[in-house]
$ cat entry_24.cif   # mmCIF, C-alpha atoms and all ligand atoms
data_start
loop_
_atom_site.label_atom_id
_atom_site.label_comp_id
_atom_site.auth_asym_id
_atom_site.auth_seq_id
_atom_site.Cartn_x
_atom_site.Cartn_y
_atom_site.Cartn_z
CA MET A 166 29.27 0.21 -6.41
CA THR A 167 26.65 -2.58 -6.18
CA ALA A 168 22.93 -2.18 -6.80
CA GLN A 169 22.35 -2.58 -3.07
CA ASN A 170 24.33 0.47 -1.96
CA LYS A 171 23.28 2.64 -4.88
CA THR A 172 21.72 5.92 -3.78
CA LEU A 173 17.93 6.03 -4.12
CA LEU A 174 17.45 9.65 -3.17
CA SER A 175 20.01 12.40 -2.92
CA ALA A 176 19.28 15.82 -1.42
CA ARG A 177 22.07 18.29 -2.16
CA GLY A 178 22.46 21.61 -0.34
CA LEU A 179 18.78 22.29 0.34
CA ASN A 180 17.94 25.71 1.76
CA ARG A 181 14.57 27.11 2.76
CA SER A 182 13.60 30.03 4.99
CA PHE A 183 10.30 31.54 6.10
CA GLY A 184 11.06 35.19 6.80
CA ALA A 185 13.72 35.14 9.52
CA VAL A 186 13.10 31.46 10.32
CA VAL A 187 15.65 29.09 8.78
CA ALA A 188 13.76 25.82 8.21
CA ALA A 189 16.48 24.16 6.09
CA ALA A 190 20.13 25.19 6.00
CA ASP A 191 22.36 23.40 3.51
CA ILE A 192 20.75 19.98 4.00
CA SER A 193 22.58 17.20 2.12
CA ILE A 194 21.31 13.67 2.69
CA ASP A 195 21.75 10.48 0.63
CA ILE A 196 19.25 7.67 1.18
CA SER A 197 20.03 4.09 0.11
CA PRO A 198 17.47 1.44 -0.90
CA GLY A 199 16.15 -0.55 2.05
CA GLU A 200 16.96 1.98 4.75
CA ARG A 201 14.63 2.64 7.68
CA LEU A 202 15.70 6.24 8.23
CA CYS A 203 14.28 8.18 11.15
CA LEU A 204 14.30 11.98 11.33
CA ILE A 205 14.32 13.39 14.86
CA GLY A 206 14.40 16.94 16.21
CA SER A 207 12.51 19.25 18.53
CA ASN A 208 9.39 21.12 17.39
CA GLY A 209 10.22 23.47 14.54
CA ALA A 210 13.59 21.83 13.80
CA GLY A 211 12.78 21.36 10.09
CA LYS A 212 11.71 17.70 9.79
CA THR A 213 8.41 18.33 8.00
CA THR A 214 10.08 20.98 5.85
CA PHE A 215 12.52 18.31 4.64
CA VAL A 216 9.66 15.87 3.91
CA ASN A 217 7.73 18.64 2.12
CA MET A 218 10.73 19.52 -0.06
CA ILE A 219 11.42 15.89 -1.04
CA THR A 220 7.76 15.31 -1.95
CA GLY A 221 7.41 18.60 -3.86
CA TYR A 222 4.94 20.29 -1.51
CA LEU A 223 7.54 22.95 -0.80
CA LYS A 224 10.30 24.14 -3.12
CA PRO A 225 13.79 24.76 -1.74
CA THR A 226 15.14 28.25 -2.42
CA SER A 227 18.35 26.55 -3.49
CA GLY A 228 19.68 23.01 -3.78
CA GLN A 229 18.63 19.95 -5.75
CA ILE A 230 16.89 16.64 -5.15
CA PHE A 231 17.69 13.55 -7.24
CA LEU A 232 15.63 10.35 -7.35
CA ASP A 233 17.49 7.48 -9.02
CA GLY A 234 19.74 10.14 -10.54
CA GLU A 235 16.90 12.22 -12.00
CA ASP A 236 16.55 15.83 -10.85
CA ILE A 237 13.02 15.98 -9.36
CA THR A 238 13.44 19.41 -7.72
CA PRO A 239 11.11 21.32 -10.07
CA LEU A 240 8.41 18.65 -10.29
CA ALA A 241 4.88 18.95 -8.87
CA PRO A 242 3.94 16.62 -5.98
CA ARG A 243 1.82 14.36 -8.22
CA ASP A 244 4.72 13.89 -10.65
CA ILE A 245 7.09 13.06 -7.80
CA THR A 246 4.51 10.57 -6.45
CA ARG A 247 4.27 8.94 -9.89
CA ARG A 248 8.05 8.52 -9.92
CA GLY A 249 7.84 6.54 -6.68
CA VAL A 250 7.92 8.87 -3.66
CA ALA A 251 4.83 8.62 -1.45
CA ARG A 252 4.07 10.19 1.89
CA SER A 253 1.70 10.27 4.80
CA PHE A 254 0.92 13.42 6.74
CA GLN A 255 1.43 14.58 10.32
CA ILE A 256 -2.37 15.00 10.32
CA PRO A 257 -4.01 12.29 8.14
CA GLN A 258 -5.52 13.65 4.92
CA LEU A 259 -8.71 11.59 4.66
CA CYS A 260 -12.27 12.09 3.44
CA LEU A 261 -14.00 11.75 6.81
CA HIS A 262 -17.50 11.09 5.44
CA LEU A 263 -16.38 8.36 3.04
CA THR A 264 -15.88 4.78 4.15
CA VAL A 265 -12.43 3.32 4.71
CA LEU A 266 -12.75 1.31 1.46
CA ASP A 267 -13.82 4.36 -0.55
CA ASN A 268 -10.86 6.35 0.79
CA MET A 269 -8.59 3.54 -0.36
CA LEU A 270 -10.28 3.39 -3.77
CA ALA A 271 -9.92 7.18 -4.14
CA SER A 272 -6.22 6.88 -3.38
CA LEU A 273 -5.87 4.04 -5.89
CA HIS A 274 -7.65 6.18 -8.48
CA CYS A 275 -5.25 9.09 -7.85
CA SER A 276 -2.24 6.82 -8.31
CA GLN A 277 -3.66 5.46 -11.58
CA ALA A 278 -4.73 8.67 -13.26
CA SER A 279 -6.27 6.98 -16.31
CA ARG A 280 -9.25 5.63 -14.37
CA SER A 281 -12.29 7.56 -13.25
CA PHE A 282 -13.16 7.20 -9.56
CA PHE A 283 -16.59 5.86 -10.57
CA ASN A 284 -14.91 3.09 -12.54
CA SER A 285 -12.47 2.34 -9.69
CA SER A 286 -15.29 2.00 -7.17
CA HIS A 287 -17.07 -0.52 -9.40
CA ASP A 288 -13.98 -2.28 -10.67
CA PRO A 289 -13.55 -5.65 -8.94
CA VAL A 290 -9.78 -5.52 -9.53
CA ALA A 291 -9.52 -2.13 -7.79
CA VAL A 292 -11.78 -3.27 -4.95
CA ASP A 293 -9.75 -6.45 -4.54
CA ALA A 294 -6.43 -4.55 -4.49
CA SER A 295 -7.85 -2.09 -1.94
CA ARG A 296 -9.17 -4.85 0.30
CA LYS A 297 -5.81 -6.66 0.19
CA LEU A 298 -3.97 -3.51 1.30
CA LEU A 299 -6.53 -2.92 4.06
CA ASP A 300 -6.08 -6.52 5.17
CA SER A 301 -2.30 -6.19 5.39
CA PHE A 302 -2.80 -3.23 7.74
CA GLY A 303 -5.44 -5.06 9.83
CA LEU A 304 -8.09 -2.61 8.61
CA LEU A 305 -10.42 -4.90 6.67
CA MET A 306 -12.87 -5.08 9.58
CA HIS A 307 -13.36 -1.30 9.25
CA ALA A 308 -13.79 -1.28 5.43
CA ALA A 309 -17.48 -0.30 5.41
CA ARG A 310 -17.24 2.30 8.21
CA PRO A 311 -17.04 6.05 7.61
CA VAL A 312 -13.64 7.38 8.69
CA LEU A 313 -15.17 9.86 11.14
CA GLU A 314 -16.31 6.94 13.33
CA LEU A 315 -12.75 5.67 13.72
CA PRO A 316 -10.11 6.46 16.37
CA GLY A 317 -6.86 8.32 15.60
CA GLY A 318 -4.67 5.21 15.44
CA VAL A 319 -6.85 3.60 12.77
CA ARG A 320 -6.87 6.84 10.74
CA LYS A 321 -3.07 6.97 10.83
CA LEU A 322 -2.84 3.39 9.56
CA LEU A 323 -5.32 4.12 6.78
CA ASP A 324 -3.40 7.22 5.69
CA ILE A 325 -0.20 5.14 5.50
CA ALA A 326 -1.89 2.24 3.69
CA MET A 327 -3.25 4.74 1.16
CA ALA A 328 0.26 6.05 0.52
CA LEU A 329 1.21 2.55 -0.68
CA THR A 330 -1.41 2.35 -3.46
CA GLY A 331 1.03 3.80 -5.99
CA GLN A 332 3.66 1.11 -5.21
CA PRO A 333 6.28 3.66 -4.08
CA LYS A 334 10.02 3.05 -3.84
CA LEU A 335 10.33 5.60 -1.06
CA LEU A 336 7.72 6.16 1.63
CA MET A 337 7.95 9.22 3.86
CA LEU A 338 5.91 9.01 7.08
CA ASP A 339 5.53 12.26 8.99
CA GLU A 340 4.99 11.23 12.63
CA PRO A 341 3.18 7.92 12.03
CA THR A 342 2.55 7.53 15.78
CA SER A 343 1.39 11.06 16.62
CA GLY A 344 -2.21 11.05 17.82
CA VAL A 345 -1.84 7.37 18.71
CA SER A 346 -2.19 6.53 22.41
CA ALA A 347 1.08 5.68 24.18
CA ASP A 348 0.16 2.02 24.66
CA GLU A 349 -0.69 1.59 20.94
CA LYS A 350 2.42 3.21 19.42
CA PHE A 351 4.51 0.05 19.17
CA ALA A 352 1.56 -1.93 17.76
CA THR A 353 1.01 0.79 15.15
CA MET A 354 4.65 0.76 14.06
CA ASP A 355 4.73 -3.06 14.09
CA THR A 356 1.71 -3.09 11.79
CA VAL A 357 3.25 -0.56 9.39
CA ILE A 358 6.71 -2.15 9.23
CA ASN A 359 5.35 -5.71 9.02
CA ALA A 360 2.96 -4.75 6.21
CA ILE A 361 5.80 -3.12 4.28
CA ASP A 362 8.24 -5.99 4.95
CA ARG A 363 5.65 -8.53 3.79
CA GLY A 364 5.41 -6.63 0.51
CA ALA A 365 1.95 -5.10 1.01
CA SER A 366 2.48 -2.73 -1.92
CA GLY A 367 4.02 -5.40 -4.14
CA HIS A 368 7.49 -3.78 -4.13
CA PRO A 369 10.39 -3.26 -1.71
CA VAL A 370 9.93 0.09 0.03
CA THR A 371 12.54 2.33 1.61
CA VAL A 372 11.10 4.14 4.61
CA VAL A 373 11.82 7.57 6.07
CA PHE A 374 9.84 8.39 9.20
CA VAL A 375 9.65 11.33 11.57
CA GLU A 376 9.38 10.38 15.23
CA HIS A 377 9.50 12.06 18.66
CA ASP A 378 9.36 8.89 20.80
CA MET A 379 12.96 7.71 21.28
CA ASP A 380 11.88 4.16 22.21
CA ILE A 381 10.24 3.90 18.77
CA VAL A 382 13.34 5.41 17.15
CA ALA A 383 15.65 2.91 18.84
CA ARG A 384 13.49 -0.06 17.88
CA TYR A 385 12.66 0.68 14.24
CA ALA A 386 15.38 2.90 12.73
CA SER A 387 18.38 1.49 10.87
CA ARG A 388 19.73 5.07 10.68
CA VAL A 389 18.85 8.30 12.47
CA ILE A 390 19.32 11.92 11.39
CA ALA A 391 18.88 14.67 13.98
CA PHE A 392 17.74 18.15 12.94
CA TYR A 393 18.17 21.31 14.93
CA SER A 394 17.18 24.78 13.75
CA GLY A 395 17.06 23.67 10.10
CA ARG A 396 20.43 21.91 10.25
CA VAL A 397 21.56 18.29 10.43
CA ILE A 398 23.47 17.92 13.71
CA ALA A 399 23.95 14.12 13.71
CA ASP A 400 23.64 11.22 11.26
CA GLY A 401 24.35 7.56 12.00
CA SER A 402 23.08 4.49 13.83
CA SER A 403 20.35 5.07 16.42
CA ALA A 404 22.81 4.15 19.20
CA SER A 405 25.43 6.68 18.06
CA VAL A 406 22.97 9.51 17.36
CA LEU A 407 21.04 9.06 20.61
CA ALA A 408 24.35 9.10 22.51
CA ASP A 409 25.53 12.29 20.77
CA PRO A 410 25.92 15.16 23.30
CA GLU A 411 24.41 17.75 20.92
CA VAL A 412 21.42 15.49 20.29
CA GLN A 413 20.98 14.97 24.02
CA ARG A 414 21.12 18.73 24.58
CA TYR A 415 18.91 19.90 21.71
CA VAL A 416 16.62 16.96 20.95
CA THR A 417 16.22 14.46 23.74
CA GLY A 418 17.46 16.46 26.73
CA SER A 419 16.60 19.64 28.58
CA VAL A 420 16.27 22.04 25.63
CA LYS A 421 12.77 21.21 24.40
CA SER A 422 12.39 23.48 21.39
CA THR A 423 14.33 25.67 19.03
CA ALA A 424 12.39 28.69 20.29
CA GLU A 425 13.29 27.92 23.92
CA ALA A 426 16.94 27.46 22.99
CA PHE A 427 17.11 31.00 21.69
CA ALA A 428 14.91 32.54 24.42
N1 LIG A 501 4.56 27.26 5.48
C1 LIG A 501 5.27 27.85 6.45
N2 LIG A 501 5.19 29.19 6.67
C2 LIG A 501 5.92 29.78 7.64
N3 LIG A 501 6.76 29.14 8.46
C3 LIG A 501 6.87 27.80 8.30
C4 LIG A 501 6.13 27.09 7.30
N4 LIG A 501 6.46 25.77 7.37
C5 LIG A 501 7.34 25.67 8.37
N5 LIG A 501 7.59 26.87 8.93
C6 LIG A 501 8.51 27.14 10.04
O1 LIG A 501 9.72 26.47 9.73
C7 LIG A 501 10.25 25.86 10.91
C8 LIG A 501 10.40 24.37 10.69
O2 LIG A 501 9.08 23.82 10.66
P1 LIG A 501 8.80 22.27 10.46
O3 LIG A 501 7.33 22.13 10.29
O4 LIG A 501 9.66 21.76 9.38
O5 LIG A 501 9.27 21.68 11.85
P2 LIG A 501 9.17 20.18 12.42
O6 LIG A 501 10.56 19.76 12.74
O7 LIG A 501 8.38 19.35 11.51
O8 LIG A 501 8.40 20.43 13.80
P3 LIG A 501 7.26 19.51 14.55
O9 LIG A 501 8.01 18.48 15.33
O10 LIG A 501 6.59 20.51 15.46
O11 LIG A 501 6.34 18.97 13.52
C9 LIG A 501 9.32 26.25 12.07
O12 LIG A 501 9.83 27.40 12.72
C10 LIG A 501 8.02 26.54 11.36
O13 LIG A 501 7.24 27.46 12.09
MG MG A 502 6.58 18.37 11.62
#

$ encode --input "entry_24.cif" --output "structure tokens" --more "lines below"
Ligand SMILES: Nc1ncnc2c1ncn2[C@@H]1O[C@H](COP(=O)(O)OP(=O)(O)OP(=O)(O)O)[C@@H](O)[C@H]1O
Ligand SMILES: [Mg+2]
Amino acid sequence: MTAQNKTLLSARGLNRSFGAVVAAADISIDISPGERLCLIGSNGAGKTTFVNMITGYLKPTSGQIFLDGEDITPLAPRDITRRGVARSFQIPQLCLHLTVLDNMLASLHCSQASRSFFNSSHDPVAVDASRKLLDSFGLLMHAARPVLELPGGVRKLLDIAMALTGQPKLLMLDEPTSGVSADEKFATMDTVINAIDRGASGHPVTVVFVEHDMDIVARYASRVIAFYSGRVIADGSSASVLADPEVQRYVTGSVKSTAEAFA
């Protein structure tokens, strides 16, 4: 096995329920370095649950998660982040009253726990690193503006740029284009992927993203996994998964949600 096809992250037999709702049923997924893996599925299919389990925000009731061969299942989110798994959220987690630059500096501070935020905000090295990341996401022009003045698309980009401050190996983006207007979705994804490909964080980054827009999926994913009712129902190239009859029935076709399917 070469270094290139070595597994970066391995999820083995993950299970998680909420009462009678099965959000993850025996999920086993291996992710290789360099993949652009897209998770698709109708509302409630279990995509965010998977992201939450990998990043430590939610513990599986059974199963294990390995990062570079190390069992990270019991670790707290901050310890998983420090080992190289970063994420953005379906709804951006930003300090709305702080400026864009201060949000970035706060994120940098959190990824480098030894510094105080006061020191980060007055440290020219931290300010320079923050401004460079903002620049690679086309956000430098907004640096001095409070986040609450900015539209949804800019907030999404900032949340993603902030996830890169810790120089992650694996970046998990939960619906990077949700809340972004239809005519800006491709530009948003272009900005994110170009920034990552140009080495904005200083390291190669493997990307997992959740997406509902199949045009985005087809353009940006090197691999697609379809979830339905907490299960993986298809895994492969975007062309093969989007042509799969079960995916067409339960994800992209007439059955819009898990709840409707069982109604
Ligand atoms: N903390 C929780 N408490 C109770 N139920 C939950 C919790 N988190 C998720 N669920 C349930 O688990 C199922 C899977 O939810 P999940 O958020 O993973 O779906 P999703 O695929 O991300 O959907 P969406 O596309 O709407 O974001 C849903 O039925 C959801 O209501
Ligand atoms: Mg979700």

$ closest_residue --input "entry_24.cif" --among "A:Ile390, A:Val357, A:Ile194, A:Leu313" --to "A:Leu336" --atoms "all atoms listed in the file"
A:Val357

$ closest_residue --input "entry_24.cif" --among "A:Leu266, A:Leu223, A:Ala408, A:Ile256" --to "A:Lys297" --atoms "all atoms listed in the file"
A:Leu266

$ atom_distance --input "entry_24.cif" --atom1 "atom CA of A:Glu235" --atom2 "atom CA of A:Pro333"
15.8 Å

$ closest_residue --input "entry_24.cif" --among "A:Ala210, A:Ile237, A:Leu202, A:Ala308" --to "ligand LIG 501 (chain A)" --atoms "all atoms listed in the file"
A:Ala210

$ closest_atom_pairs --input "entry_24.cif" --of "chain A" --to "ligand LIG 501 (chain A)" --cutoff "7 Å" --atoms "all atoms listed in the file" --output "Markdown table"
| residue | atom | partner | partner_atom | distance |
| --- | --- | --- | --- | --- |
| A:Phe183 | CA | A:LIG501 | N3 | 4.9 |
| A:Val186 | CA | A:LIG501 | O12 | 5.7 |
| A:Val187 | CA | A:LIG501 | O1 | 6.6 |
| A:Ala188 | CA | A:LIG501 | O1 | 4.4 |
| A:Gly206 | CA | A:LIG501 | O6 | 5.9 |
| A:Ser207 | CA | A:LIG501 | O9 | 5.6 |
| A:Asn208 | CA | A:LIG501 | O10 | 3.5 |
| A:Gly209 | CA | A:LIG501 | O5 | 3.4 |
| A:Ala210 | CA | A:LIG501 | O6 | 3.8 |
| A:Gly211 | CA | A:LIG501 | O4 | 3.2 |
| A:Lys212 | CA | A:LIG501 | O6 | 3.8 |
| A:Thr213 | CA | A:LIG501 | O7 | 3.7 |
| A:Thr214 | CA | A:LIG501 | O4 | 3.6 |
| A:Phe215 | CA | A:LIG501 | O4 | 6.5 |
| A:Gly395 | CA | A:LIG501 | C8 | 6.7 |

$ write_last_selection --input "entry_24.cif" --atoms "C-alpha atoms" --output "PDB file, in the coordinates of the input"
ATOM      1  CA  PHE A 183      10.300  31.540   6.100  1.00  0.00           C
ATOM      2  CA  VAL A 186      13.100  31.460  10.320  1.00  0.00           C
ATOM      3  CA  VAL A 187      15.650  29.090   8.780  1.00  0.00           C
ATOM      4  CA  ALA A 188      13.760  25.820   8.210  1.00  0.00           C
ATOM      5  CA  GLY A 206      14.400  16.940  16.210  1.00  0.00           C
ATOM      6  CA  SER A 207      12.510  19.250  18.530  1.00  0.00           C
ATOM      7  CA  ASN A 208       9.390  21.120  17.390  1.00  0.00           C
ATOM      8  CA  GLY A 209      10.220  23.470  14.540  1.00  0.00           C
ATOM      9  CA  ALA A 210      13.590  21.830  13.800  1.00  0.00           C
ATOM     10  CA  GLY A 211      12.780  21.360  10.090  1.00  0.00           C
ATOM     11  CA  LYS A 212      11.710  17.700   9.790  1.00  0.00           C
ATOM     12  CA  THR A 213       8.410  18.330   8.000  1.00  0.00           C
ATOM     13  CA  THR A 214      10.080  20.980   5.850  1.00  0.00           C
ATOM     14  CA  PHE A 215      12.520  18.310   4.640  1.00  0.00           C
ATOM     15  CA  GLY A 395      17.060  23.670  10.100  1.00  0.00           C
TER      16      GLY A 395
END

$ atom_distance --input "entry_24.cif" --atom1 "atom CA of A:Val292" --atom2 "atom CA of A:Val345"
27.8 Å

$ closest_residue --input "entry_24.cif" --among "A:Val319, A:Leu304, A:Val375, A:Leu240" --to "ligand MG 502 (chain A)" --atoms "all atoms listed in the file"
A:Val375

$ atom_distance --input "entry_24.cif" --atom1 "atom CA of A:Ser301" --atom2 "atom CA of A:Ile358"
10.6 Å

$ closest_residue --input "entry_24.cif" --among "A:Ser182, A:Ser295, A:Leu204, A:Asp300" --to "A:Val406" --atoms "all atoms listed in the file"
A:Leu204

$ residues_around --input "entry_24.cif" --residues "A:Gly317" --least-positions-apart "5" --cutoff "9 Å" --atoms "only C-alpha atoms" --output "ChimeraX atom specification"
/A:257,322,343-346

$ write_last_selection --input "entry_24.cif" --atoms "C-alpha atoms" --output "CSV table (one decimal), in the frame of the given file"
chain,number,residue,atom,x,y,z
A,257,PRO,CA,-4.0,12.3,8.1
A,322,LEU,CA,-2.8,3.4,9.6
A,343,SER,CA,1.4,11.1,16.6
A,344,GLY,CA,-2.2,11.0,17.8
A,345,VAL,CA,-1.8,7.4,18.7
A,346,SER,CA,-2.2,6.5,22.4

$ residues_around --input "entry_24.cif" --residues "A:Gly221" --least-positions-apart "3" --cutoff "12 Å" --atoms "all atoms listed in the file" --output "PyMOL selection string"
chain A and resi 213-218+224-225+229-231+236-248+250-252

$ closest_residue --input "entry_24.cif" --among "A:Leu338, A:Ile219, A:Leu261, A:Leu179" --to "ligand MG 502 (chain A)" --atoms "all atoms listed in the file"
A:Leu338
